[in-house]
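Data block for coords25.csv (CSV, C-alpha atoms):
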```
chain,number,residue,atom,x,y,z
G,9,MET,CA,53.9,4.8,-64.0
G,10,SER,CA,51.6,7.3,-65.6
G,11,LEU,CA,47.9,7.9,-65.3
G,12,LEU,CA,47.3,5.3,-67.9
G,13,SER,CA,48.0,2.6,-65.3
G,14,ALA,CA,44.9,3.7,-63.5
G,15,LEU,CA,42.9,2.4,-66.4
G,16,SER,CA,44.3,-1.1,-65.8
G,17,VAL,CA,43.4,-0.7,-62.1
G,18,SER,CA,39.8,0.1,-62.8
G,19,ALA,CA,39.5,-2.6,-65.4
G,20,SER,CA,40.7,-5.1,-62.8
G,21,GLY,CA,38.0,-3.8,-60.5
G,22,MET,CA,35.4,-4.3,-63.1
G,23,ALA,CA,36.5,-7.9,-63.8
G,24,ALA,CA,36.6,-8.8,-60.2
G,25,GLN,CA,33.1,-7.3,-59.5
G,26,ARG,CA,31.7,-9.2,-62.5
G,27,THR,CA,33.0,-12.5,-61.2
G,28,ARG,CA,31.6,-11.6,-57.8
G,29,ALA,CA,28.2,-10.9,-59.4
G,30,GLU,CA,28.3,-14.2,-61.3
G,31,VAL,CA,29.0,-16.1,-58.1
G,32,LEU,CA,26.2,-14.3,-56.3
G,33,VAL,CA,23.7,-15.0,-59.1
G,34,GLU,CA,24.7,-18.7,-59.0
G,35,ASN,CA,24.0,-18.7,-55.3
G,36,ILE,CA,20.6,-17.0,-55.7
G,37,ALA,CA,19.6,-19.3,-58.5
G,38,ASN,CA,20.5,-22.4,-56.5
G,39,SER,CA,19.1,-21.4,-53.1
G,40,GLU,CA,16.7,-24.3,-53.2
G,41,THR,CA,18.8,-26.8,-55.0
G,42,THR,CA,18.8,-30.1,-53.1
G,43,ARG,CA,20.6,-32.2,-55.6
G,44,THR,CA,23.8,-31.3,-57.3
G,45,ALA,CA,26.2,-33.2,-59.6
G,46,GLN,CA,28.5,-33.7,-56.7
G,47,GLY,CA,25.7,-35.1,-54.7
G,48,GLY,CA,24.1,-33.3,-51.8
G,49,PRO,CA,22.6,-29.8,-51.7
G,50,TYR,CA,24.1,-26.7,-53.3
G,51,ARG,CA,26.9,-25.2,-51.2
G,52,ARG,CA,27.1,-21.4,-51.2
G,53,LYS,CA,30.1,-19.9,-53.0
G,54,ASP,CA,32.1,-16.7,-52.3
G,55,ALA,CA,34.5,-14.8,-54.5
G,56,ILE,CA,37.7,-14.1,-52.6
G,57,PHE,CA,39.2,-10.6,-53.4
G,58,SER,CA,42.7,-9.6,-52.9
G,59,SER,CA,44.8,-6.6,-53.9
G,60,GLN,CA,47.1,-7.2,-56.9
G,61,SER,CA,49.8,-5.1,-58.5
G,62,VAL,CA,48.6,-4.1,-61.9
G,63,PRO,CA,50.3,-6.3,-64.5
G,64,SER,CA,52.1,-4.1,-67.0
G,65,ALA,CA,54.4,-5.0,-69.8
G,66,PHE,CA,56.5,-1.9,-68.9
G,67,GLN,CA,56.7,-1.4,-65.3
G,68,SER,CA,58.0,-3.4,-62.4
G,69,GLU,CA,55.7,-4.7,-59.7
G,70,LEU,CA,57.8,-2.9,-57.1
G,71,ASP,CA,57.0,0.5,-58.6
G,72,SER,CA,53.3,0.0,-58.3
G,73,GLU,CA,53.7,-1.3,-54.7
G,74,LEU,CA,55.7,1.8,-53.8
G,75,SER,CA,53.2,4.3,-55.3
G,76,GLY,CA,50.3,2.5,-53.7
G,77,LEU,CA,48.6,1.7,-57.0
G,78,GLN,CA,46.9,-1.6,-56.6
G,79,GLY,CA,44.4,-3.4,-58.7
G,80,VAL,CA,42.3,-6.3,-57.5
G,81,SER,CA,41.6,-9.8,-58.5
G,82,VAL,CA,39.5,-12.8,-57.5
G,83,THR,CA,42.1,-15.2,-56.2
G,84,GLY,CA,39.7,-18.0,-55.6
G,85,ILE,CA,36.2,-19.1,-55.0
G,86,SER,CA,35.5,-20.5,-51.5
G,87,VAL,CA,32.8,-23.1,-51.1
G,88,ASP,CA,30.7,-23.1,-47.9
G,89,SER,CA,31.9,-26.1,-45.9
G,90,ARG,CA,29.3,-25.9,-43.2
G,91,GLU,CA,26.8,-28.7,-42.7
G,92,PRO,CA,23.8,-28.2,-44.9
G,93,GLU,CA,20.5,-27.2,-43.2
G,94,ARG,CA,18.1,-30.0,-42.5
G,95,ARG,CA,14.5,-29.2,-43.0
G,96,TYR,CA,11.6,-31.5,-42.2
G,97,MET,CA,9.8,-32.1,-45.5
G,98,PRO,CA,8.6,-35.7,-45.5
G,99,GLY,CA,7.0,-35.8,-49.0
G,100,HIS,CA,10.1,-34.4,-50.7
G,101,PRO,CA,11.8,-36.8,-53.3
G,102,ASP,CA,15.2,-36.1,-51.6
G,103,ALA,CA,14.0,-36.7,-48.1
G,104,ASP,CA,16.1,-39.1,-46.1
G,105,PRO,CA,14.4,-41.9,-44.1
G,106,ASP,CA,13.6,-39.6,-41.2
G,107,GLY,CA,11.8,-37.2,-43.6
G,108,TYR,CA,14.5,-34.5,-43.4
G,109,VAL,CA,15.8,-32.8,-46.6
G,110,SER,CA,19.3,-31.3,-46.7
G,111,MET,CA,18.9,-27.7,-48.0
G,112,PRO,CA,21.5,-25.2,-49.0
G,113,ARG,CA,22.6,-23.2,-46.0
G,114,MET,CA,22.2,-19.7,-47.2
G,115,ASN,CA,20.0,-16.6,-47.1
G,116,PRO,CA,19.1,-15.5,-50.7
G,117,ALA,CA,18.1,-12.0,-49.5
G,118,GLU,CA,21.7,-11.4,-48.3
G,119,ASP,CA,23.1,-12.4,-51.6
G,120,MET,CA,20.6,-10.1,-53.4
G,121,VAL,CA,21.8,-7.2,-51.4
G,122,ASP,CA,25.4,-8.2,-52.1
G,123,LEU,CA,24.6,-8.3,-55.7
G,124,MET,CA,23.4,-4.7,-55.6
G,125,GLY,CA,26.7,-3.8,-53.9
G,126,ALA,CA,28.6,-5.6,-56.6
G,127,SER,CA,26.7,-3.7,-59.2
G,128,ARG,CA,27.4,-0.4,-57.5
G,129,SER,CA,31.1,-1.1,-57.2
G,130,TYR,CA,31.2,-2.1,-60.8
G,131,GLU,CA,29.6,1.2,-61.8
G,132,ALA,CA,32.1,3.1,-59.6
G,133,ASN,CA,35.0,1.5,-61.6
G,134,VAL,CA,33.3,2.5,-64.8
G,135,SER,CA,33.1,6.1,-63.6
G,136,ALA,CA,36.8,6.0,-62.7
G,137,ILE,CA,37.7,4.9,-66.1
G,138,SER,CA,35.7,7.6,-67.6
G,139,ALA,CA,37.2,10.3,-65.4
G,140,VAL,CA,40.7,9.2,-65.9
G,141,LYS,CA,40.2,8.9,-69.7
G,142,ASP,CA,39.0,12.5,-69.6
G,143,MET,CA,42.1,13.7,-67.7
G,144,ILE,CA,44.4,11.9,-70.2
G,145,GLN,CA,42.6,13.5,-73.1
G,146,ARG,CA,43.0,17.0,-71.5
G,147,SER,CA,46.7,16.4,-71.2
G,148,ILE,CA,46.8,15.5,-74.8
G,149,ASP,CA,44.9,18.7,-75.6
G,150,LEU,CA,47.7,20.7,-74.1
G,151,LEU,CA,49.6,20.0,-77.3
G,152,ARG,CA,47.2,22.1,-79.4
O,3,MET,CA,60.7,26.2,-66.7
O,4,ILE,CA,58.4,28.2,-68.9
O,5,ASP,CA,57.4,30.5,-66.2
O,6,GLY,CA,56.5,30.4,-62.5
O,7,LEU,CA,52.7,30.0,-63.0
O,8,THR,CA,53.0,27.2,-65.5
O,9,ASN,CA,55.4,25.4,-63.2
O,10,SER,CA,53.1,25.7,-60.2
O,11,LEU,CA,50.2,24.4,-62.4
O,12,GLU,CA,52.3,21.5,-63.5
O,13,HIS,CA,53.1,20.6,-59.9
O,14,TYR,CA,49.4,20.9,-59.2
O,15,MET,CA,48.6,18.5,-62.0
O,16,ASP,CA,51.3,16.1,-60.8
O,17,LEU,CA,49.5,15.9,-57.4
O,18,LEU,CA,46.1,15.5,-58.9
O,19,THR,CA,47.3,12.7,-61.1
O,20,ALA,CA,48.9,10.9,-58.2
O,21,ARG,CA,45.7,11.4,-56.2
O,22,GLN,CA,43.4,10.1,-59.0
O,23,LYS,CA,45.5,7.0,-59.4
O,24,LEU,CA,45.0,6.2,-55.7
O,25,VAL,CA,41.2,6.9,-56.0
O,26,ALA,CA,41.1,4.4,-58.8
O,27,SER,CA,43.0,1.9,-56.6
O,28,ASN,CA,40.6,2.5,-53.7
O,29,ILE,CA,37.5,2.0,-55.9
O,30,ALA,CA,38.9,-1.2,-57.4
O,31,ASN,CA,39.6,-2.5,-53.9
O,32,ALA,CA,36.3,-1.3,-52.4
O,33,ASP,CA,35.5,-4.9,-51.5
O,34,THR,CA,38.9,-6.3,-50.8
O,35,PRO,CA,39.2,-7.6,-47.2
O,36,GLY,CA,41.7,-5.7,-45.1
O,37,TYR,CA,42.3,-2.9,-47.7
O,38,ARG,CA,42.8,0.6,-46.3
O,39,THR,CA,42.0,3.7,-48.2
O,40,LYS,CA,45.1,5.5,-49.6
O,41,ASP,CA,45.7,9.1,-50.6
O,42,VAL,CA,48.4,11.7,-50.8
O,43,ASN,CA,48.6,14.6,-48.3
O,44,PHE,CA,47.4,17.1,-50.8
O,45,GLN,CA,47.8,20.3,-48.8
O,46,ALA,CA,51.3,19.3,-47.5
O,47,GLU,CA,52.5,18.3,-50.9
O,48,LEU,CA,51.2,21.6,-52.4
O,49,GLN,CA,53.4,23.5,-49.9
O,50,THR,CA,56.6,21.8,-50.8
O,51,ALA,CA,57.9,23.8,-53.7
O,52,ASN,CA,57.6,21.9,-56.9
O,53,SER,CA,59.4,18.8,-55.8
O,54,ALA,CA,60.6,16.4,-58.4
O,55,LEU,CA,59.9,13.5,-56.2
O,56,SER,CA,56.7,11.5,-56.5
O,57,PRO,CA,54.1,12.5,-53.9
O,58,HIS,CA,54.1,10.4,-50.8
O,59,THR,CA,51.3,7.8,-50.4
O,60,VAL,CA,49.6,7.7,-47.0
O,61,GLU,CA,46.8,5.7,-45.5
O,62,VAL,CA,43.9,7.9,-44.8
O,63,GLY,CA,42.6,6.5,-41.5
O,64,GLY,CA,39.6,7.9,-39.6
O,65,LEU,CA,37.2,6.1,-41.9
O,66,PRO,CA,34.7,3.6,-40.6
O,67,VAL,CA,36.1,0.0,-40.9
O,68,LYS,CA,33.8,-2.8,-42.1
O,69,ASN,CA,33.8,-6.3,-40.7
O,70,ASP,CA,36.3,-7.6,-43.2
O,71,GLY,CA,38.9,-4.8,-42.4
O,72,ASN,CA,38.1,-2.8,-45.5
O,73,ASP,CA,37.5,1.0,-44.9
O,74,VAL,CA,36.8,2.2,-48.5
O,75,SER,CA,33.8,4.6,-48.8
O,76,LEU,CA,32.6,4.7,-52.3
O,77,ASP,CA,30.9,8.0,-51.6
O,78,ARG,CA,34.2,9.6,-50.6
O,79,GLU,CA,36.0,8.1,-53.6
O,80,ALA,CA,33.2,9.2,-56.0
O,81,ARG,CA,33.4,12.7,-54.7
O,82,LEU,CA,37.2,12.8,-55.1
O,83,LEU,CA,37.0,11.3,-58.5
O,84,ALA,CA,34.8,14.2,-59.7
O,85,GLU,CA,36.8,16.8,-57.8
O,86,ASN,CA,40.2,15.7,-59.1
O,87,ALA,CA,38.9,15.6,-62.6
O,88,MET,CA,37.5,19.2,-62.3
O,89,ARG,CA,40.7,20.6,-60.8
O,90,PHE,CA,42.8,18.9,-63.5
O,91,ASN,CA,40.5,20.4,-66.1
O,92,LEU,CA,41.0,23.9,-64.5
O,93,ALA,CA,44.7,23.5,-64.4
O,94,SER,CA,45.1,22.3,-67.9
O,95,ASN,CA,42.9,25.1,-69.2
O,96,LEU,CA,44.9,27.7,-67.3
O,97,ILE,CA,48.2,26.3,-68.7
O,98,ARG,CA,46.8,26.3,-72.2
O,99,SER,CA,45.9,30.0,-71.8
O,100,GLN,CA,49.4,30.7,-70.4
O,101,LEU,CA,51.1,29.0,-73.2
O,102,ALA,CA,49.0,30.8,-75.8
O,103,THR,CA,49.8,34.1,-74.1
O,104,ILE,CA,53.5,33.5,-74.1
O,105,LYS,CA,53.5,32.4,-77.7
O,106,GLU,CA,51.6,35.4,-78.7
O,107,ALA,CA,54.0,37.7,-76.9
O,108,ILE,CA,56.8,36.1,-78.8
O,109,GLN,CA,55.0,36.4,-82.1
O,110,GLU,CA,54.0,40.1,-81.6
O,111,GLY,CA,57.7,41.1,-81.5
O,112,LYS,CA,58.0,40.1,-85.1
O,113,SER,CA,59.1,42.9,-87.4
O,114,SER,CA,57.0,43.5,-90.4
M,26,MET,CA,91.1,69.3,-102.5
M,27,GLY,CA,92.3,67.2,-99.5
M,28,ASN,CA,93.4,63.7,-99.6
M,29,PRO,CA,92.0,61.5,-102.3
M,30,ILE,CA,89.3,59.3,-101.0
M,31,SER,CA,90.8,56.0,-100.2
M,32,ALA,CA,89.3,52.8,-101.4
M,33,ILE,CA,86.7,51.4,-99.2
M,34,THR,CA,88.4,49.2,-96.7
M,35,SER,CA,86.7,46.8,-94.5
M,36,VAL,CA,85.5,48.4,-91.4
M,37,PRO,CA,86.2,46.6,-88.2
M,38,SER,CA,82.9,44.9,-87.4
M,39,ILE,CA,80.8,46.7,-85.0
M,40,VAL,CA,78.7,43.5,-84.8
M,41,ALA,CA,80.6,40.3,-84.5
M,42,PRO,CA,80.1,38.0,-87.6
M,43,MET,CA,77.5,35.2,-87.5
M,44,THR,CA,79.9,32.5,-86.5
M,45,THR,CA,79.0,29.5,-84.4
M,46,PRO,CA,79.0,30.2,-80.7
M,47,GLY,CA,82.5,30.3,-79.1
M,48,GLN,CA,84.5,31.0,-82.3
M,49,SER,CA,84.3,34.8,-82.3
M,50,SER,CA,87.1,36.7,-80.7
M,51,GLN,CA,84.9,39.7,-80.0
M,52,PRO,CA,81.6,38.5,-78.5
M,53,GLY,CA,79.0,41.2,-78.9
M,54,ALA,CA,75.8,41.7,-76.9
M,55,PHE,CA,73.8,40.3,-79.8
M,56,GLN,CA,75.9,37.2,-80.0
M,57,ASN,CA,75.4,36.5,-76.3
M,58,VAL,CA,71.7,36.7,-76.7
M,59,LEU,CA,71.7,34.5,-79.7
M,60,GLU,CA,74.0,32.0,-78.0
M,61,GLY,CA,71.7,31.9,-75.0
M,62,ALA,CA,68.7,31.4,-77.2
M,63,ILE,CA,70.3,28.5,-79.0
M,64,GLN,CA,71.4,26.8,-75.8
M,65,ASN,CA,67.9,27.2,-74.5
M,66,ILE,CA,66.5,25.5,-77.6
M,67,GLU,CA,69.0,22.7,-77.3
M,68,SER,CA,68.4,22.0,-73.7
M,69,ALA,CA,64.7,22.3,-74.0
M,70,ASN,CA,64.7,19.9,-77.0
M,71,ASN,CA,66.8,17.4,-75.1
M,72,ASN,CA,64.6,17.6,-72.1
M,73,ALA,CA,61.5,17.1,-74.3
M,74,THR,CA,62.9,14.2,-76.1
M,75,ASP,CA,64.0,12.5,-72.9
M,76,SER,CA,60.6,13.2,-71.3
M,77,VAL,CA,58.6,11.8,-74.2
M,78,GLN,CA,60.8,8.7,-74.5
M,79,LYS,CA,60.4,8.0,-70.8
M,80,PHE,CA,56.7,8.3,-71.1
M,81,LEU,CA,56.5,6.0,-74.2
M,82,LYS,CA,58.6,3.4,-72.5
M,83,GLY,CA,56.3,3.4,-69.6
M,84,GLU,CA,58.8,4.7,-67.1
M,85,ASN,CA,57.8,6.9,-64.3
M,86,GLU,CA,56.8,9.9,-66.3
M,87,GLU,CA,53.4,11.5,-66.5
M,88,LEU,CA,51.8,12.4,-69.9
M,89,HIS,CA,51.2,16.0,-69.0
M,90,THR,CA,54.9,16.4,-68.0
M,91,ALA,CA,56.1,15.1,-71.3
M,92,ILE,CA,53.6,17.3,-73.2
M,93,LEU,CA,54.6,20.4,-71.2
M,94,ALA,CA,58.3,19.7,-72.0
M,95,VAL,CA,57.4,19.6,-75.7
M,96,GLN,CA,55.6,22.9,-75.4
M,97,GLN,CA,58.5,24.4,-73.6
M,98,ALA,CA,60.8,23.3,-76.4
M,99,SER,CA,58.4,24.8,-78.9
M,100,ILE,CA,58.4,28.1,-77.1
M,101,ALA,CA,62.2,28.1,-76.8
M,102,PHE,CA,62.4,27.5,-80.5
M,103,ASP,CA,59.9,30.3,-81.3
M,104,LEU,CA,61.8,32.7,-79.1
M,105,GLY,CA,65.2,31.6,-80.6
M,106,LEU,CA,63.8,32.1,-84.0
M,107,GLN,CA,62.6,35.6,-83.3
M,108,VAL,CA,65.9,36.5,-81.6
M,109,ARG,CA,67.8,35.3,-84.7
M,110,ASN,CA,65.5,37.3,-86.9
M,111,LYS,CA,66.1,40.4,-84.9
M,112,VAL,CA,69.8,39.9,-85.0
M,113,VAL,CA,69.8,39.3,-88.7
M,114,ASP,CA,67.6,42.5,-89.1
M,115,ALA,CA,70.0,44.5,-87.1
M,116,TYR,CA,73.0,43.1,-89.0
M,117,GLN,CA,71.4,44.0,-92.3
M,118,GLU,CA,70.5,47.5,-91.0
M,119,ILE,CA,74.1,48.0,-90.0
M,120,MET,CA,75.4,46.7,-93.3
M,121,ARG,CA,73.1,49.2,-95.1
M,122,MET,CA,74.7,52.0,-93.0
M,123,GLN,CA,78.1,51.2,-94.4
M,124,MET,CA,77.1,52.0,-98.0
```
What does the file become when written as C-alpha cells?
Amino acid sequence: MSLLSALSVSASGMAAQRTRAEVLVENIANSETTRTAQGGPYRRKDAIFSSQSVPSAFQSELDSELSGLQGVSVTGISVDSREPERRYMPGHPDADPDGYVSMPRMNPAEDMVDLMGASRSYEANVSAISAVKDMIQRSIDLLR
Amino acid sequence: MIDGLTNSLEHYMDLLTARQKLVASNIANADTPGYRTKDVNFQAELQTANSALSPHTVEVGGLPVKNDGNDVSLDREARLLAENAMRFNLASNLIRSQLATIKEAIQEGKSS
Amino acid sequence: MGNPISAITSVPSIVAPMTTPGQSSQPGAFQNVLEGAIQNIESANNNATDSVQKFLKGENEELHTAILAVQQASIAFDLGLQVRNKVVDAYQEIMRMQM
C-alpha cells in the first residue's frame, strides 16, 4: 500500500487521542462527583488503545500486517471497579449514617498531565499528516 | 531504467517512503500498551542494490520501555518525520533535475 | 558518344525502406536503431500503464514509482521521436542524392 495509507494511520491516531482526551476531561470534571445517575460516586474511566490494521477499501489486512503499518483505535472504555474512597465529611448531603462520603477514587492532577500527553500525541499525528502530504505532493511534482 | 543515478534515487525514495509509513504508525501507537517501535534497517537496505522487494520491517529495540510495554519516543519519531521528509525532498529535486537534463539532451539533438 | 544514357532504374536501396520492424530483408543500421527505439517506447509504455493502474487500484505500488515510470515512457517516446526524425532526415538526404 502506498504512502497514502500513512494518512489513514495518522487519522486513526488523531481520533484515538481525541477520544482519550474526552475521557480524561470527563474524569477531571467529575473528580468530586458524589452522586451519579447510576448511583454512587463517579468512577474514573480509561480509554483502551490497541493497534489496528488500517481499514482500506483496496488493500487486505494481511498486507498492512506484513509491512508493519498499524493504526490505532480505542477498543473500549474501562471503568474503575475499585472501591470508592471514603472520606469523613459529616455535614455532606451524601454522607452515610457514619458521616463518611464515598468520593471518586482518582487524582485529578494525574489526569491533567495525561491530558497534556494526549494533546501532544494528537499534535504529533497532525505533524505526520502534514509531512506525508508534503511528500506525496513532491511525488506528484515529478510529473512536471 | 532511465539511468543509474535516477534508479538509485528511486530506490532511496522507496526506502524513505517505507520508513515514513512506519514513523506514522509509531506516532499513532505512541500510547498503545505493548507496542514496540518499528523501522527499516536503512543503511542495510541502501546497500542491497535496488531490490524490487519491499524493505524489511524490524523492531528497533534499545528504546526505554514504559510501564505499559510501549517504547515509542515521540522525540525520535518527530526527528525522523522531519528527516525523512527532507531527504525525500532532496531526492525528488535531484530526480527532477536529472529528468530535465536528459530531456534537454534529447531535444538538443534536434536538427533545425 | 558512348552508350546512350539508360533510363533511370531504381537503385538498390542503400537504406532499407521504412517498413514495420521485421519485414525488411535487408536490415540496415538505421532500422535497427529505429526498431530498438520503438521497442523501448512500447515496453516503457506498458510498464508505465501497469504501474499507474497498480497504484490507482491501491495495490502495492508507490506513487513516485508510478510517476517515474510515466516519465521514463515520456523520455523513451521523445528519444524514439528524435531517432525517427533523424532517420527520415537521412532518408530524405539520400533520396536527394539520387536526383
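Note that the spacing between CA of Gly79 in chain G and CA of Gln78 in chain M amounts to 25.8 Å.
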Taking 3 positions as the minimum chain separation for residues in the same chain, which residues sit within 8 Å of Ser18 in chain G when counting all atoms listed in the file? Answer as a PDB file with C-alpha atoms, in the coordinates of the input.
```pdb
ATOM      1  CA  ALA G  14      44.900   3.700 -63.500  1.00  0.00           C
ATOM      2  CA  LEU G  15      42.900   2.400 -66.400  1.00  0.00           C
ATOM      3  CA  GLY G  21      38.000  -3.800 -60.500  1.00  0.00           C
ATOM      4  CA  MET G  22      35.400  -4.300 -63.100  1.00  0.00           C
ATOM      5  CA  GLY G  79      44.400  -3.400 -58.700  1.00  0.00           C
ATOM      6  CA  ASN G 133      35.000   1.500 -61.600  1.00  0.00           C
ATOM      7  CA  VAL G 134      33.300   2.500 -64.800  1.00  0.00           C
ATOM      8  CA  ALA G 136      36.800   6.000 -62.700  1.00  0.00           C
ATOM      9  CA  ILE G 137      37.700   4.900 -66.100  1.00  0.00           C
TER      10      ILE G 137
ATOM     11  CA  ALA O  26      41.100   4.400 -58.800  1.00  0.00           C
ATOM     12  CA  SER O  27      43.000   1.900 -56.600  1.00  0.00           C
ATOM     13  CA  ILE O  29      37.500   2.000 -55.900  1.00  0.00           C
ATOM     14  CA  ALA O  30      38.900  -1.200 -57.400  1.00  0.00           C
TER      15      ALA O  30
END
```
- Item | Contact residues around Asn91 in chain O with only C-alpha atoms at 12 Å, ignoring same-chain residues under 6 positions, as a PyMOL selection string | (chain G and resi 139-140+142-150) or (chain O and resi 11+14-15+18-19+84-85+97-98) or (chain M and resi 89)
Just write the chosen residues, C-alpha atoms, as a short mmCIF file (atom, residue, chain, number, x, y, z; two decimals), keeping the file's coordinate frame.
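This is the output file again-v5.cif:
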```
data_model
loop_
_atom_site.label_atom_id
_atom_site.label_comp_id
_atom_site.auth_asym_id
_atom_site.auth_seq_id
_atom_site.Cartn_x
_atom_site.Cartn_y
_atom_site.Cartn_z
CA ALA G 139 37.20 10.30 -65.40
CA VAL G 140 40.70 9.20 -65.90
CA ASP G 142 39.00 12.50 -69.60
CA MET G 143 42.10 13.70 -67.70
CA ILE G 144 44.40 11.90 -70.20
CA GLN G 145 42.60 13.50 -73.10
CA ARG G 146 43.00 17.00 -71.50
CA SER G 147 46.70 16.40 -71.20
CA ILE G 148 46.80 15.50 -74.80
CA ASP G 149 44.90 18.70 -75.60
CA LEU G 150 47.70 20.70 -74.10
CA LEU O 11 50.20 24.40 -62.40
CA TYR O 14 49.40 20.90 -59.20
CA MET O 15 48.60 18.50 -62.00
CA LEU O 18 46.10 15.50 -58.90
CA THR O 19 47.30 12.70 -61.10
CA ALA O 84 34.80 14.20 -59.70
CA GLU O 85 36.80 16.80 -57.80
CA ILE O 97 48.20 26.30 -68.70
CA ARG O 98 46.80 26.30 -72.20
CA HIS M 89 51.20 16.00 -69.00
#
```
- Message: Please identify all residues of chain O having at least one atom at most 12 Å from any atom of chain M, considering only C-alpha atoms, and return them as a ChimeraX atom specification.
- Response: /O:3-5,8-9,11-20,23,54-56,90-91,93-94,97-98,100-114
Keeping C-alpha atoms for every residue in the selection just given, could you write it to a file as a tab-separated table (two decimals), in the coordinates of the input?
```
chain	number	residue	atom	x	y	z
O	3	MET	CA	60.70	26.20	-66.70
O	4	ILE	CA	58.40	28.20	-68.90
O	5	ASP	CA	57.40	30.50	-66.20
O	8	THR	CA	53.00	27.20	-65.50
O	9	ASN	CA	55.40	25.40	-63.20
O	11	LEU	CA	50.20	24.40	-62.40
O	12	GLU	CA	52.30	21.50	-63.50
O	13	HIS	CA	53.10	20.60	-59.90
O	14	TYR	CA	49.40	20.90	-59.20
O	15	MET	CA	48.60	18.50	-62.00
O	16	ASP	CA	51.30	16.10	-60.80
O	17	LEU	CA	49.50	15.90	-57.40
O	18	LEU	CA	46.10	15.50	-58.90
O	19	THR	CA	47.30	12.70	-61.10
O	20	ALA	CA	48.90	10.90	-58.20
O	23	LYS	CA	45.50	7.00	-59.40
O	54	ALA	CA	60.60	16.40	-58.40
O	55	LEU	CA	59.90	13.50	-56.20
O	56	SER	CA	56.70	11.50	-56.50
O	90	PHE	CA	42.80	18.90	-63.50
O	91	ASN	CA	40.50	20.40	-66.10
O	93	ALA	CA	44.70	23.50	-64.40
O	94	SER	CA	45.10	22.30	-67.90
O	97	ILE	CA	48.20	26.30	-68.70
O	98	ARG	CA	46.80	26.30	-72.20
O	100	GLN	CA	49.40	30.70	-70.40
O	101	LEU	CA	51.10	29.00	-73.20
O	102	ALA	CA	49.00	30.80	-75.80
O	103	THR	CA	49.80	34.10	-74.10
O	104	ILE	CA	53.50	33.50	-74.10
O	105	LYS	CA	53.50	32.40	-77.70
O	106	GLU	CA	51.60	35.40	-78.70
O	107	ALA	CA	54.00	37.70	-76.90
O	108	ILE	CA	56.80	36.10	-78.80
O	109	GLN	CA	55.00	36.40	-82.10
O	110	GLU	CA	54.00	40.10	-81.60
O	111	GLY	CA	57.70	41.10	-81.50
O	112	LYS	CA	58.00	40.10	-85.10
O	113	SER	CA	59.10	42.90	-87.40
O	114	SER	CA	57.00	43.50	-90.40
```
- What gap, in Å, lies between CA of Val31 in chain G and CA of Arg51 in chain G?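 Distance between the two atoms: 11.6 Å.
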- Message: Report, in Å to a single decimal, how far apart CA of Thr83 in chain G and CA of Met120 in chain G are.
- Response: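 Going from CA of Met120 in chain G over to CA of Thr83 in chain G, I get 22.3 Å.
Using all atoms listed in the file for every distance, the candidate list G:Met124, G:Ile85, G:Ala132, G:Val33 yields G:Ala132 as the residue closest to chain O.
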- Surrounding residues of Thr34 in chain O excluding itself and chain neighbours under 5 positions, 12 Å, all atoms listed in the file, as a ChimeraX atom specification: /G:21,24-25,28,55-60,78-83,126,129 /O:27-29,39,68-74
Within 10 Å of range 103-109 of chain G using only C-alpha atoms, minus same-chain residues under 5 positions, as a CSV table (one decimal) with C-alpha atoms, in the coordinates of the input:
```
chain,number,residue,atom,x,y,z
G,42,THR,CA,18.8,-30.1,-53.1
G,48,GLY,CA,24.1,-33.3,-51.8
G,49,PRO,CA,22.6,-29.8,-51.7
G,92,PRO,CA,23.8,-28.2,-44.9
G,93,GLU,CA,20.5,-27.2,-43.2
G,94,ARG,CA,18.1,-30.0,-42.5
G,95,ARG,CA,14.5,-29.2,-43.0
G,96,TYR,CA,11.6,-31.5,-42.2
G,97,MET,CA,9.8,-32.1,-45.5
G,98,PRO,CA,8.6,-35.7,-45.5
```
Point (22.2, -24.7, -57.2) neighbourhood (12 Å, only C-alpha atoms) written as an mmCIF file with C-alpha atoms, in the frame of the given file:
```cif
data_model
loop_
_atom_site.group_PDB
_atom_site.id
_atom_site.type_symbol
_atom_site.label_atom_id
_atom_site.label_comp_id
_atom_site.auth_asym_id
_atom_site.auth_seq_id
_atom_site.Cartn_x
_atom_site.Cartn_y
_atom_site.Cartn_z
ATOM 1 C CA VAL G 31 29.000 -16.100 -58.100
ATOM 2 C CA LEU G 32 26.200 -14.300 -56.300
ATOM 3 C CA VAL G 33 23.700 -15.000 -59.100
ATOM 4 C CA GLU G 34 24.700 -18.700 -59.000
ATOM 5 C CA ASN G 35 24.000 -18.700 -55.300
ATOM 6 C CA ILE G 36 20.600 -17.000 -55.700
ATOM 7 C CA ALA G 37 19.600 -19.300 -58.500
ATOM 8 C CA ASN G 38 20.500 -22.400 -56.500
ATOM 9 C CA SER G 39 19.100 -21.400 -53.100
ATOM 10 C CA GLU G 40 16.700 -24.300 -53.200
ATOM 11 C CA THR G 41 18.800 -26.800 -55.000
ATOM 12 C CA THR G 42 18.800 -30.100 -53.100
ATOM 13 C CA ARG G 43 20.600 -32.200 -55.600
ATOM 14 C CA THR G 44 23.800 -31.300 -57.300
ATOM 15 C CA ALA G 45 26.200 -33.200 -59.600
ATOM 16 C CA GLN G 46 28.500 -33.700 -56.700
ATOM 17 C CA GLY G 47 25.700 -35.100 -54.700
ATOM 18 C CA GLY G 48 24.100 -33.300 -51.800
ATOM 19 C CA PRO G 49 22.600 -29.800 -51.700
ATOM 20 C CA TYR G 50 24.100 -26.700 -53.300
ATOM 21 C CA ARG G 51 26.900 -25.200 -51.200
ATOM 22 C CA ARG G 52 27.100 -21.400 -51.200
ATOM 23 C CA LYS G 53 30.100 -19.900 -53.000
ATOM 24 C CA MET G 111 18.900 -27.700 -48.000
ATOM 25 C CA PRO G 112 21.500 -25.200 -49.000
ATOM 26 C CA ARG G 113 22.600 -23.200 -46.000
ATOM 27 C CA MET G 114 22.200 -19.700 -47.200
ATOM 28 C CA PRO G 116 19.100 -15.500 -50.700
#
```
